[in-house]
$ cat entry_28.txt   # compact mmCIF, C-alpha atoms
# COMPACT_ATOMS: atom_id res chain seq x y z
CA MET V 34 32.72 6.28 -24.64
CA HIS V 35 34.36 2.89 -24.81
CA THR V 36 32.34 0.26 -26.60
CA TYR V 37 32.93 -2.20 -23.75
CA LEU V 38 31.31 0.18 -21.27
CA ALA V 39 28.46 1.02 -23.62
CA THR V 40 27.54 -2.59 -24.40
CA ASP V 41 28.17 -4.35 -21.08
CA ASN V 42 25.92 -2.52 -18.58
CA ASN V 43 24.69 -5.71 -16.91
CA ALA V 44 28.20 -6.96 -16.10
CA MET V 45 28.40 -4.80 -12.98
CA GLN V 46 25.90 -5.97 -10.37
CA SER V 47 25.21 -3.94 -7.26
CA ILE V 48 25.54 -5.53 -3.83
CA ALA V 49 23.08 -4.49 -1.13
CA GLN V 50 24.76 -2.10 1.29
CA PHE V 51 22.12 -2.23 4.03
CA SER V 52 19.87 -4.99 5.33
CA LYS V 53 16.71 -4.61 7.40
CA SER V 54 16.42 -5.80 10.98
CA LYS V 55 13.44 -6.85 13.08
CA VAL V 56 13.22 -3.35 14.59
CA GLN V 57 11.75 -0.52 12.54
CA CYS V 58 14.24 2.22 11.54
CA LEU V 59 17.25 -0.01 12.32
CA VAL V 60 19.44 -1.29 9.49
CA ARG V 61 22.76 -3.11 9.36
CA HIS V 62 25.51 -2.16 6.95
CA ARG V 63 27.26 -5.05 5.23
CA GLY V 64 30.39 -4.03 7.14
CA GLY V 65 28.62 -4.88 10.41
CA ASN V 66 27.70 -1.52 11.95
CA TYR V 67 24.11 -0.59 12.73
CA TYR V 68 22.44 2.62 11.55
CA ALA V 69 19.27 4.48 12.48
CA THR V 70 17.22 5.49 9.44
CA ALA V 71 14.48 8.09 9.13
CA LYS V 72 12.85 10.01 6.35
CA VAL V 73 13.24 13.78 6.80
CA GLY V 74 11.96 16.20 4.20
CA GLY V 75 11.48 13.39 1.67
CA LYS V 76 15.06 12.12 1.99
CA VAL V 77 16.33 9.04 3.81
CA ILE V 78 18.77 10.04 6.56
CA ARG V 79 21.05 7.47 8.22
CA ARG V 80 22.98 7.99 11.44
CA SER V 81 25.55 5.54 12.74
CA LEU V 82 24.91 3.95 16.13
CA ASP V 83 28.65 3.21 16.50
CA THR V 84 28.16 -0.47 17.31
CA ASP V 85 27.97 -3.85 15.63
CA ASP V 86 25.99 -5.42 18.49
CA TYR V 87 22.24 -5.78 17.87
CA ALA V 88 21.16 -5.34 21.52
CA THR V 89 23.27 -2.21 21.96
CA ALA V 90 21.98 -0.74 18.69
CA LYS V 91 18.38 -1.45 19.71
CA ASN V 92 18.93 0.41 23.02
CA ARG V 93 20.60 3.43 21.34
CA LEU V 94 17.98 3.77 18.59
CA PRO V 95 15.32 5.85 20.45
CA SER V 96 17.76 8.55 21.54
CA VAL V 97 19.15 8.93 18.00
CA LEU V 98 15.66 9.17 16.45
CA ASP V 99 14.70 12.01 18.83
$ encode --input "entry_28.txt" --output "structure tokens"
Amino acid sequence: MHTYLATDNNAMQSIAQFSKSKVQCLVRHRGGNYYATAKVGGKVIRRSLDTDDYATAKNRLPSVLD
């Protein structure tokens, strides 16, 4: 292993990929698209809502969660 990689672990900071919205189970990717999130079998599952508009994503959310 390179000594630079072994000694400089804090140099690489992670950027949040998803941010919460006002609606439960609805998150926004930093690229702009909205996703439905649910926990199934102990794992977080995300499904794209194929939109970057908040109102459209909010309307599509119930059908995706079913």
$ atom_distance --input "entry_28.txt" --atom1 "atom CA of Asp86 of chain V" --atom2 "atom CA of Lys53 of chain V"
14.5 Å
$ closest_residue --input "entry_28.txt" --among "V:Leu59, V:Gly65, V:Thr70, V:Val77" --to "Asn92 of chain V" --atoms "all atoms listed in the file"
V:Leu59
$ atom_distance --input "entry_28.txt" --atom1 "atom CA of Gly64 of chain V" --atom2 "atom CA of Asp85 of chain V"
8.8 Å
$ closest_residue --input "entry_28.txt" --among "V:His62, V:Val56, V:Ala71, V:Ser81" --to "Asp99 of chain V" --atoms "all atoms listed in the file"
V:Ala71
$ closest_residue --input "entry_28.txt" --among "V:Lys76, V:Lys91, V:Gln50, V:Asp83" --to "Arg63 of chain V" --atoms "only C-alpha atoms"
V:Gln50
$ closest_residue --input "entry_28.txt" --among "V:Ser52, V:Ser47, V:Ile78, V:Val97" --to "Asn66 of chain V" --atoms "all atoms listed in the file"
V:Ser52
$ atom_distance --input "entry_28.txt" --atom1 "atom CA of Gln57 of chain V" --atom2 "atom CA of Gly75 of chain V"
17.7 Å
$ residues_around --input "entry_28.txt" --residues "Tyr68 of chain V" --least-positions-apart "4" --cutoff "9 Å" --atoms "all atoms listed in the file" --output "NGL selection string"
:V and (51 or 58-62 or 79-84 or 90 or 94)
